[in-house]
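Containing CSV, C-alpha atoms: run.csv.
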chain,number,residue,atom,x,y,z
A,7,MET,CA,-49.8,8.1,66.1
A,8,ALA,CA,-47.1,6.1,64.5
A,9,GLY,CA,-49.3,3.0,64.6
A,10,LYS,CA,-52.1,4.8,62.9
A,11,GLY,CA,-49.7,5.9,60.0
A,12,PHE,CA,-48.6,2.3,59.7
A,13,LYS,CA,-52.2,1.0,59.4
A,14,ASN,CA,-52.9,3.6,56.7
A,15,PHE,CA,-49.9,2.3,54.8
A,16,LEU,CA,-51.3,-1.2,54.9
A,17,SER,CA,-54.8,-0.1,54.0
A,18,LYS,CA,-56.3,-0.7,50.5
A,19,GLU,CA,-56.0,3.1,49.9
A,20,GLY,CA,-52.3,3.1,50.7
A,21,LEU,CA,-51.6,0.0,48.7
A,22,MET,CA,-53.4,1.6,45.7
A,23,LYS,CA,-51.3,4.7,45.9
A,24,ARG,CA,-48.1,2.7,46.0
A,25,LEU,CA,-49.2,0.7,43.0
A,26,ILE,CA,-49.9,3.9,41.1
A,27,ILE,CA,-46.4,5.3,41.9
A,28,ILE,CA,-44.7,2.0,40.9
A,29,LEU,CA,-46.7,1.9,37.6
A,30,CYS,CA,-45.8,5.5,36.8
A,31,ILE,CA,-42.1,4.7,37.4
A,32,PHE,CA,-42.3,1.6,35.2
A,33,LEU,CA,-44.1,3.4,32.4
A,34,ASN,CA,-41.5,6.2,32.5
A,35,PHE,CA,-38.8,3.5,32.3
A,36,ILE,CA,-40.5,1.9,29.3
A,37,SER,CA,-40.8,5.3,27.6
A,38,CYS,CA,-37.1,6.1,28.0
A,39,ALA,CA,-36.2,2.6,26.8
A,40,ARG,CA,-38.3,3.0,23.7
A,41,ALA,CA,-36.8,6.5,23.0
A,42,GLN,CA,-33.4,4.7,22.9
A,43,GLU,CA,-34.7,1.6,21.1
A,44,PHE,CA,-32.2,-0.2,18.9
A,45,ASP,CA,-33.3,-0.8,15.3
A,46,PRO,CA,-31.7,-4.2,14.2
A,47,GLN,CA,-33.2,-4.2,10.7
A,48,PRO,CA,-30.4,-2.3,8.8
A,49,LEU,CA,-27.8,-4.7,10.3
A,50,LYS,CA,-29.9,-7.7,9.5
A,51,ASN,CA,-30.3,-6.6,5.9
A,52,GLU,CA,-26.5,-6.1,5.6
A,53,ILE,CA,-25.9,-9.6,7.0
A,54,LEU,CA,-28.4,-11.2,4.6
A,55,GLY,CA,-26.7,-9.5,1.7
A,56,LEU,CA,-23.3,-10.7,2.8
A,57,GLU,CA,-24.6,-14.2,3.2
A,58,GLN,CA,-25.8,-14.2,-0.4
A,59,GLN,CA,-22.5,-12.9,-1.6
A,60,ILE,CA,-20.6,-15.6,0.3
A,61,LYS,CA,-22.8,-18.3,-1.1
A,62,GLU,CA,-22.3,-17.1,-4.7
A,63,ALA,CA,-18.6,-16.7,-4.2
A,64,ARG,CA,-18.3,-20.3,-2.8
A,65,THR,CA,-20.3,-21.7,-5.7
A,66,GLU,CA,-17.9,-19.9,-8.1
A,67,SER,CA,-14.8,-21.0,-6.2
A,68,GLU,CA,-15.9,-24.7,-6.3
A,69,LYS,CA,-15.6,-24.5,-10.1
A,70,TYR,CA,-11.8,-24.3,-9.8
A,71,THR,CA,-9.3,-26.8,-8.3
A,72,GLY,CA,-6.6,-24.3,-8.0
A,73,GLY,CA,-4.9,-21.3,-9.6
A,74,LEU,CA,-5.1,-17.5,-9.4
A,75,ILE,CA,-8.8,-17.1,-9.9
A,76,LYS,CA,-9.6,-19.6,-7.1
A,77,ALA,CA,-7.1,-17.8,-4.8
A,78,LEU,CA,-8.8,-14.5,-5.4
A,79,LEU,CA,-12.3,-15.9,-4.9
A,80,ASP,CA,-11.2,-17.5,-1.6
A,81,SER,CA,-9.6,-14.3,-0.4
A,82,ARG,CA,-12.9,-12.4,-1.2
A,83,ILE,CA,-14.8,-15.0,0.8
A,84,GLN,CA,-12.6,-14.4,3.8
A,85,ILE,CA,-13.1,-10.6,3.6
A,86,LEU,CA,-16.9,-11.1,3.3
A,87,GLU,CA,-17.0,-13.5,6.3
A,88,HIS,CA,-14.9,-11.0,8.4
A,89,THR,CA,-17.4,-8.3,7.5
A,90,LYS,CA,-20.3,-10.5,8.4
A,91,ALA,CA,-18.8,-11.5,11.8
A,92,MET,CA,-18.1,-7.8,12.5
A,93,LEU,CA,-21.8,-6.9,11.9
A,94,GLU,CA,-23.1,-9.9,13.8
A,95,GLN,CA,-21.2,-8.8,16.9
A,96,ARG,CA,-22.7,-5.3,16.6
A,97,LEU,CA,-26.2,-6.8,16.1
A,98,THR,CA,-25.9,-9.0,19.2
A,99,ALA,CA,-24.7,-6.2,21.3
A,100,GLY,CA,-27.6,-4.0,20.1
A,101,ASN,CA,-30.2,-6.7,20.8
A,102,TYR,CA,-28.9,-7.1,24.4
A,103,ARG,CA,-28.3,-3.4,25.0
A,104,VAL,CA,-24.6,-4.0,25.5
A,105,LYS,CA,-22.3,-1.1,24.8
A,106,ILE,CA,-19.1,-2.0,23.0
A,107,ASN,CA,-16.1,0.1,23.8
A,108,TYR,CA,-13.1,-0.1,21.4
A,109,THR,CA,-9.6,0.7,22.4
A,110,VAL,CA,-7.0,1.6,19.8
A,111,GLU,CA,-3.4,2.0,20.9
A,112,GLY,CA,-4.5,2.4,24.5
A,113,LYS,CA,-7.0,5.1,23.7
A,114,GLU,CA,-10.8,4.9,23.4
A,115,TYR,CA,-11.8,4.7,19.8
A,116,ALA,CA,-13.7,7.8,18.5
A,117,PRO,CA,-15.8,7.6,15.3
A,118,HIS,CA,-14.4,9.5,12.3
A,119,ALA,CA,-15.5,13.1,12.4
A,120,ASN,CA,-15.5,13.2,8.5
A,121,LYS,CA,-17.5,10.0,8.2
A,122,ASN,CA,-19.8,11.3,5.4
A,123,GLU,CA,-16.8,12.6,3.4
A,124,LEU,CA,-15.1,9.2,3.7
A,125,LEU,CA,-18.3,7.3,2.7
A,126,ASN,CA,-18.6,9.5,-0.4
A,127,LYS,CA,-15.0,8.7,-1.4
A,128,LEU,CA,-15.7,5.0,-0.9
A,129,GLU,CA,-18.8,5.2,-3.0
A,130,THR,CA,-17.0,6.9,-5.8
A,131,GLU,CA,-14.1,4.4,-5.8
A,132,ALA,CA,-16.6,1.5,-5.7
A,133,LEU,CA,-18.5,2.9,-8.7
A,134,ARG,CA,-15.2,3.2,-10.7
A,135,ILE,CA,-14.2,-0.4,-9.9
A,136,VAL,CA,-17.7,-1.7,-10.9
A,137,GLN,CA,-17.5,0.1,-14.2
A,138,GLU,CA,-14.1,-1.3,-15.0
A,139,MET,CA,-15.2,-4.8,-13.8
A,140,GLU,CA,-18.3,-4.8,-16.1
A,141,LYS,CA,-16.1,-3.8,-19.1
A,142,VAL,CA,-13.6,-6.6,-18.5
A,143,GLN,CA,-16.4,-9.1,-17.9
A,144,GLU,CA,-18.0,-8.2,-21.3
A,145,GLU,CA,-14.6,-8.8,-22.9
A,146,ALA,CA,-14.2,-12.1,-21.1
A,147,ASP,CA,-17.6,-13.2,-22.3
A,148,GLN,CA,-16.4,-13.0,-25.9
A,149,TYR,CA,-14.1,-16.0,-25.3
A,150,SER,CA,-15.1,-19.6,-24.6
A,151,GLY,CA,-11.7,-20.4,-23.0
A,152,GLY,CA,-8.0,-20.0,-23.4
A,153,LEU,CA,-5.4,-17.7,-21.8
A,154,VAL,CA,-7.0,-14.4,-22.7
A,155,GLN,CA,-10.3,-15.4,-21.0
A,156,VAL,CA,-8.4,-16.6,-17.9
A,157,MET,CA,-6.5,-13.4,-17.5
A,158,LYS,CA,-9.6,-11.3,-17.9
A,159,LEU,CA,-11.6,-13.4,-15.4
A,160,SER,CA,-8.7,-13.0,-13.0
A,161,THR,CA,-9.0,-9.3,-13.4
A,162,VAL,CA,-12.7,-9.5,-12.7
A,163,ALA,CA,-12.0,-11.6,-9.5
A,164,THR,CA,-9.5,-9.0,-8.4
A,165,HIS,CA,-12.1,-6.2,-8.8
A,166,GLN,CA,-14.6,-8.3,-6.8
A,167,GLN,CA,-12.0,-8.7,-4.0
A,168,GLN,CA,-11.4,-4.9,-4.0
A,169,LEU,CA,-15.1,-4.2,-3.8
A,170,ALA,CA,-15.4,-6.6,-0.8
A,171,MET,CA,-12.7,-4.7,1.0
A,172,LEU,CA,-14.3,-1.3,0.2
A,173,ASP,CA,-17.6,-2.7,1.5
A,174,MET,CA,-16.0,-3.8,4.8
A,175,LYS,CA,-14.6,-0.3,5.2
A,176,ARG,CA,-18.1,1.2,4.5
A,177,CYS,CA,-19.7,-1.0,7.1
A,178,ALA,CA,-17.0,-0.1,9.7
A,179,LEU,CA,-17.6,3.6,9.1
A,180,ILE,CA,-21.4,3.4,9.2
A,181,TYR,CA,-21.5,1.4,12.4
A,182,ASP,CA,-18.5,3.1,14.1
A,183,ILE,CA,-16.4,0.0,14.2
A,184,PRO,CA,-12.6,0.5,14.2
A,185,LEU,CA,-11.0,-1.2,11.2
A,186,PHE,CA,-7.3,-1.4,11.8
A,187,THR,CA,-6.5,-1.7,8.1
A,188,PHE,CA,-8.5,1.5,7.4
A,189,GLU,CA,-6.4,4.6,6.8
A,190,GLU,CA,-8.4,7.8,7.2
A,191,GLY,CA,-8.6,9.8,3.9
A,192,SER,CA,-7.5,6.9,1.8
A,193,THR,CA,-10.0,4.9,-0.2
A,194,ALA,CA,-7.7,3.3,-2.8
A,195,PRO,CA,-8.0,-0.4,-2.6
A,196,ALA,CA,-4.9,-2.5,-2.0
A,197,LYS,CA,-2.9,-3.5,-5.0
A,198,SER,CA,-3.7,-6.9,-6.5
A,199,PRO,CA,-1.6,-9.6,-4.8
A,200,THR,CA,-0.4,-10.6,-8.3
A,201,VAL,CA,1.4,-7.3,-8.9
A,202,PRO,CA,4.5,-6.6,-6.8
A,203,ALA,CA,4.2,-2.9,-5.8
A,204,GLU,CA,7.9,-2.3,-6.1
A,205,GLU,CA,8.1,-3.2,-9.7
A,206,SER,CA,8.0,-0.3,-12.2
A,207,LEU,CA,6.7,-0.7,-15.7
A,208,ALA,CA,10.2,-0.7,-17.1
A,209,GLU,CA,11.2,-3.6,-14.8
A,210,ILE,CA,8.1,-5.6,-15.9
A,211,ASP,CA,9.1,-5.0,-19.6
A,212,SER,CA,12.6,-6.2,-18.9
A,213,MET,CA,11.4,-9.6,-17.6
A,214,PHE,CA,10.5,-10.8,-21.1
A,215,GLU,CA,11.9,-9.9,-24.5
A,216,VAL,CA,10.7,-10.6,-28.0
A,217,LYS,CA,13.1,-10.5,-31.0
A,218,LEU,CA,12.1,-10.5,-34.7
A,219,THR,CA,14.3,-12.7,-36.8
A,220,GLY,CA,12.2,-12.8,-40.0
A,221,LYS,CA,8.8,-12.2,-41.6
A,222,HIS,CA,7.0,-13.7,-44.5
A,223,VAL,CA,3.7,-13.3,-46.4
A,224,PHE,CA,1.4,-16.2,-47.0
A,225,GLU,CA,-2.2,-16.8,-48.1
A,226,ALA,CA,-4.9,-18.2,-45.7
A,227,ASN,CA,-8.7,-18.1,-46.1
A,228,TYR,CA,-8.3,-16.1,-49.3
A,229,SER,CA,-6.4,-13.3,-47.6
A,230,ASP,CA,-2.8,-12.4,-47.2
A,231,HIS,CA,-1.2,-12.8,-43.8
A,232,LEU,CA,2.1,-11.7,-42.5
A,233,GLY,CA,3.9,-14.3,-40.4
A,234,PHE,CA,6.6,-13.6,-37.8
A,235,ASN,CA,9.7,-15.5,-36.8
A,236,LEU,CA,10.2,-14.7,-33.2
A,237,LEU,CA,12.7,-15.4,-30.4
A,238,LEU,CA,11.1,-15.4,-26.9
A,239,ILE,CA,13.5,-14.6,-24.1
A,240,ASN,CA,12.8,-15.2,-20.4
A,241,HIS,CA,15.0,-12.9,-18.3
A,242,THR,CA,13.4,-14.1,-15.0
A,243,GLU,CA,14.5,-16.8,-12.7
A,244,LYS,CA,11.1,-18.6,-13.0
A,245,ASP,CA,9.6,-20.7,-15.8
A,246,ILE,CA,7.0,-18.9,-17.9
A,247,LYS,CA,3.8,-20.5,-19.1
A,248,ALA,CA,2.3,-17.6,-21.1
A,249,VAL,CA,2.8,-13.9,-21.9
A,250,GLN,CA,0.4,-11.3,-23.2
A,251,GLY,CA,1.5,-7.9,-24.6
A,252,VAL,CA,2.0,-5.6,-27.6
A,253,LEU,CA,4.6,-5.8,-30.3
A,254,ILE,CA,5.6,-2.3,-31.3
A,255,PHE,CA,7.2,-2.1,-34.8
A,256,THR,CA,9.3,1.0,-35.6
A,257,ASP,CA,11.7,2.0,-38.4
A,258,LEU,CA,15.4,2.9,-37.9
A,259,PHE,CA,14.4,6.4,-36.9
A,260,ASP,CA,12.1,5.1,-34.2
A,261,SER,CA,9.0,6.2,-36.0
A,262,GLU,CA,6.1,3.9,-35.1
A,263,ILE,CA,4.8,1.7,-37.9
A,264,LEU,CA,2.3,-0.5,-36.2
A,265,LYS,CA,1.3,-2.0,-32.8
A,266,VAL,CA,0.1,-5.6,-32.7
A,267,ARG,CA,-1.5,-7.3,-29.7
A,268,ILE,CA,-0.2,-10.8,-29.1
A,269,THR,CA,-0.6,-13.7,-26.7
A,270,LEU,CA,2.3,-16.1,-26.5
A,271,GLU,CA,1.2,-19.5,-25.1
A,272,GLU,CA,4.7,-21.0,-25.1
A,273,ASP,CA,6.6,-22.6,-22.2
A,274,VAL,CA,9.8,-20.5,-21.8
A,275,PRO,CA,12.2,-21.9,-19.1
A,276,ALA,CA,13.9,-19.5,-16.7
A,277,GLY,CA,16.8,-17.7,-18.4
A,278,ARG,CA,16.2,-19.5,-21.7
A,279,THR,CA,15.3,-18.5,-25.3
A,280,VAL,CA,12.6,-20.3,-27.3
A,281,LYS,CA,11.8,-20.0,-31.1
A,282,ASP,CA,8.2,-19.2,-32.1
A,283,ASN,CA,7.1,-19.1,-35.7
A,284,ASP,CA,3.4,-19.6,-35.1
A,285,HIS,CA,2.2,-16.0,-35.0
A,286,SER,CA,0.8,-13.9,-37.8
A,287,MET,CA,-1.6,-11.1,-38.6
A,288,LYS,CA,-4.1,-10.6,-41.4
A,289,LEU,CA,-3.1,-7.9,-43.9
A,290,ASN,CA,-5.4,-5.2,-45.3
A,291,ARG,CA,-4.0,-3.9,-48.5
A,292,PHE,CA,-5.9,-0.6,-48.0
A,293,THR,CA,-4.1,0.1,-44.7
A,294,PRO,CA,-0.8,2.0,-45.2
A,295,GLU,CA,0.6,0.7,-41.9
A,296,HIS,CA,0.1,-2.9,-43.0
A,297,ASN,CA,1.7,-2.3,-46.4
A,298,ARG,CA,4.6,-0.5,-44.8
A,299,LEU,CA,5.2,-3.5,-42.4
A,300,LYS,CA,4.8,-5.9,-45.2
A,301,THR,CA,7.4,-4.3,-47.5
A,302,ILE,CA,10.1,-3.0,-45.1
A,303,ASP,CA,13.2,-5.1,-44.9
A,304,THR,CA,13.6,-7.0,-41.6
A,305,LYS,CA,17.0,-5.5,-41.0
A,306,ASN,CA,15.5,-2.0,-41.1
A,307,LEU,CA,12.8,-3.0,-38.7
A,308,LYS,CA,13.0,-2.5,-34.9
A,309,VAL,CA,10.7,-4.3,-32.5
A,310,GLN,CA,9.9,-3.6,-28.9
A,311,PHE,CA,7.7,-5.8,-26.7
A,312,GLU,CA,5.4,-4.2,-24.1
A,313,VAL,CA,4.5,-6.7,-21.4
A,314,HIS,CA,0.9,-6.6,-20.3
A,315,GLY,CA,0.9,-9.9,-18.3
A,316,ILE,CA,3.0,-12.9,-17.4
A,317,ILE,CA,1.8,-16.2,-16.1
A,318,PHE,CA,4.5,-18.3,-14.4
A,319,LYS,CA,4.4,-22.1,-14.1
A,320,ASP,CA,4.2,-21.9,-10.3
A,321,GLY,CA,0.8,-20.0,-10.6
A,322,SER,CA,2.1,-16.6,-9.8
A,323,THR,CA,1.4,-13.7,-12.2
A,324,ILE,CA,2.6,-10.3,-13.2
A,325,LYS,CA,0.3,-7.6,-14.6
A,326,ARG,CA,1.0,-4.2,-16.1

Give the structure from the file, written as structure tokens.
Amino acid sequence: MAGKGFKNFLSKEGLMKRLIIILCIFLNFISCARAQEFDPQPLKNEILGLEQQIKEARTESEKYTGGLIKALLDSRIQILEHTKAMLEQRLTAGNYRVKINYTVEGKEYAPHANKNELLNKLETEALRIVQEMEKVQEEADQYSGGLVQVMKLSTVATHQQQLAMLDMKRCALIYDIPLFTFEEGSTAPAKSPTVPAEESLAEIDSMFEVKLTGKHVFEANYSDHLGFNLLLINHTEKDIKAVQGVLIFTDLFDSEILKVRITLEEDVPAGRTVKDNDHSMKLNRFTPEHNRLKTIDTKNLKVQFEVHGIIFKDGSTIKR
């Protein structure tokens, strides 16, 4: 009886039944696999976009041999490359159906429960930075060179760096990758490396002082100009290459007369004072503030200098 059952198992009919069973199991496996099929295209699109950004940033960085702008561009490139490597790891794991488990402080990493809320905050912050960056870029395009353009381009590079960091956080949230610099609920980008966080505005203003020792009226290009005799005082321990800020003129009662934006491209050694008589403003006789500033006696005039930016000779900078 047992021999007869064994013969039936080896028969064509038995073999066909076994093939049908194996085929059904195989088709069921394929169906389940397809149900959980990994879609690599979104990750590939992200990586292609990052590669293009890296290429453009490298091209821009190669225009500089050193300085603040190059440092910011190179920092941005590092952030973009880190994001790209992070996504490439996720793509490779998905292609090979490998599950990646992350451990944070000895515990298995769990994706953020408020992912959509955090993504919305990141998007809002990125939009704000883009709008600021476009505005500064438009201002920079008005110049063909000089300190003002350099400072504005460095601000643009800082915004680009901030956007690269926000994009890395966005990718980490979307693809459930722990980012150890990411603080839940916080979307504010890191402060620019050129601005010491511990320094208040008052401390920045105290680094550089401008004193008015005299003023005079002269004619240039068929218009009256008001020239200033200034003393530039460096209260820091580093040599200064250039300063940008606002001269605020007031009377003896501290009533404001006029604000004048000024860029001082003078070398001022650490702890030293330098004379500067090269600055002036065009006067408009129909503007009461101009007439008041023109006629008031220097001894009755008070001047405050609001520092907006300092470039030191060692390449470091301070921004308001």

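Nearest residue to Gly251 (chain A) among A:Leu159, A:Ala119, A:Ala276, A:Val216 is A:Val216, counting only C-alpha atoms.
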
Next item on the list: For each of A:Ala226, A:Val162, A:Met213, A:Leu289, take the minimum atom-to-atom distance to Met139 (chain A), counting all atoms listed in the file, then give the residue where this is smallest.
Entry: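 Going through A:Ala226, A:Val162, A:Met213, A:Leu289 one by one, the smallest distance to Met139 (chain A) is for A:Val162.
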
Check: Which value, in Å to one decimal, gives the distance between CA of Arg278 (chain A) and CA of His241 (chain A)?
Finding: 7.5 Å

Could you give me, as an mmCIF file with C-alpha atoms, in the frame of the given file, the residues that have an atom at most 12 Å away from the point (-6.1, -12.0, -49.3) in the coordinates of the file, using only C-alpha atoms?
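Output contents, as saved in part.cif:
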data_model
loop_
_atom_site.group_PDB
_atom_site.id
_atom_site.type_symbol
_atom_site.label_atom_id
_atom_site.label_comp_id
_atom_site.auth_asym_id
_atom_site.auth_seq_id
_atom_site.Cartn_x
_atom_site.Cartn_y
_atom_site.Cartn_z
ATOM 1 C CA VAL A 223 3.700 -13.300 -46.400
ATOM 2 C CA PHE A 224 1.400 -16.200 -47.000
ATOM 3 C CA GLU A 225 -2.200 -16.800 -48.100
ATOM 4 C CA ALA A 226 -4.900 -18.200 -45.700
ATOM 5 C CA ASN A 227 -8.700 -18.100 -46.100
ATOM 6 C CA TYR A 228 -8.300 -16.100 -49.300
ATOM 7 C CA SER A 229 -6.400 -13.300 -47.600
ATOM 8 C CA ASP A 230 -2.800 -12.400 -47.200
ATOM 9 C CA HIS A 231 -1.200 -12.800 -43.800
ATOM 10 C CA LEU A 232 2.100 -11.700 -42.500
ATOM 11 C CA MET A 287 -1.600 -11.100 -38.600
ATOM 12 C CA LYS A 288 -4.100 -10.600 -41.400
ATOM 13 C CA LEU A 289 -3.100 -7.900 -43.900
ATOM 14 C CA ASN A 290 -5.400 -5.200 -45.300
ATOM 15 C CA ARG A 291 -4.000 -3.900 -48.500
ATOM 16 C CA PHE A 292 -5.900 -0.600 -48.000
#

Note to self: From the options A:Glu57, A:Gln250, A:Phe44, A:Lys76, which residue's atoms come nearest to Lys105 (chain A), counting only C-alpha atoms?
What the structure shows: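 Looking at the shortest contact to Lys105 (chain A), the residue is A:Phe44.
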
Item checked: Residue with smallest distance to Tyr70 (chain A) - pool A:Gln166, A:Asn240, A:Glu215, A:Val156, counting only C-alpha atoms -> A:Val156

Checklist line | Ile183 (chain A) surroundings by only C-alpha atoms, 10 Å radius, close-in-sequence under 5 positions cut, as a list in words | finding: Met92, Leu93, Arg96, Ile106, Asn107, Tyr108, Tyr115, Ala116, Pro117, His118, Lys175, Arg176, Cys177 and Ala178 of chain A
